[in-house]
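Reviewing the structure listed below.
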Amino acid sequence: MSPLKKLVCVYMLGTAVAVAVFFIVSTFLGNVVSALVVWHVLDVLMLIGLATALAFNIHHKVHVSVPDGNQAVTRAYLEANATFYLTLGVSLVFLYNWFRFLNGSEGDVTNDIIWIIVDTMAPTALGVTGCRLWRESSRA
């Protein structure tokens with residue numbers, strides 16, 4: 001399973017870097033490249049990456065031991081929960097806004113603000129999950 005995990009994490013990290021870089025660079029492109037066409041491609045890549053990250057983070061959250069009422073919260077427990085809820089939250093917001101975009105309700109300021117949130121948090125969720133998978137597959 002280690003080569004599969006590495007392949008998935010390379011995909012997640014590549015998507016995270018592509019989204020983050022294009023998010024920054026797209027403001028400078030102007031009319032040189034149609035940013036909307038690139039975002040259509042990146043949205044599909046983010047959808048696949050977020051779904052995969054959510055699956056791996058659910059698996060990780062389920063397999064981390066839950067501290068008893070008398071024990072302190074462990075770092076592994078905190079990391080598993082933080083990455084799961086971050087990925088879940090950004091996935092829900094992404095899907096909401098993407099479906100609105102596909103239905104033709106783009107162009108409103110709220111929609112733009114939501115895309116800014118998604119385009120900053122999705123690379124974070126994908127990057128954190130990808131790095132964790134890389135560490136896990138390197139140890140195995």
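Chain identifiers are assigned as A, B, and so on, following the order in which chains appear in the structure tokens; residues are numbered from 1 within each chain, and ligands are numbered from 1 in order of appearance.
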
Please identify all polymer residues within 9 Å of Met46 (chain A), counting only C-alpha atoms, omitting same-chain residues fewer than 2 positions from it, and present them as a PyMOL selection string. chain A and resi 12+15-16+19+41-44+48-51+94+122-123+126

Excluding Arg135 (chain A) and its own-chain neighbours fewer than 4 positions away, which residues fall within 12 Å of it when counting only C-alpha atoms? Please give them as a PyMOL selection string. chain A and resi 2+5-6+9+128-131+139-140

Determine the nearest neighbour of Phe101 (chain A) from the options A:Val66, A:Leu36, A:Leu86, A:Leu13, counting only C-alpha atoms.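 Among A:Val66, A:Leu36, A:Leu86, A:Leu13, it is A:Leu36 that comes nearest to Phe101 (chain A).
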
Residues of chain A in alpha helix (DSSP H) according to DSSP, as a count of residues only? 116

Point-to-point distance from CA of Val118 (chain A) to CA of Asn57 (chain A), Å rounded to tenths: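 These atoms are spaced 18.1 Å apart.
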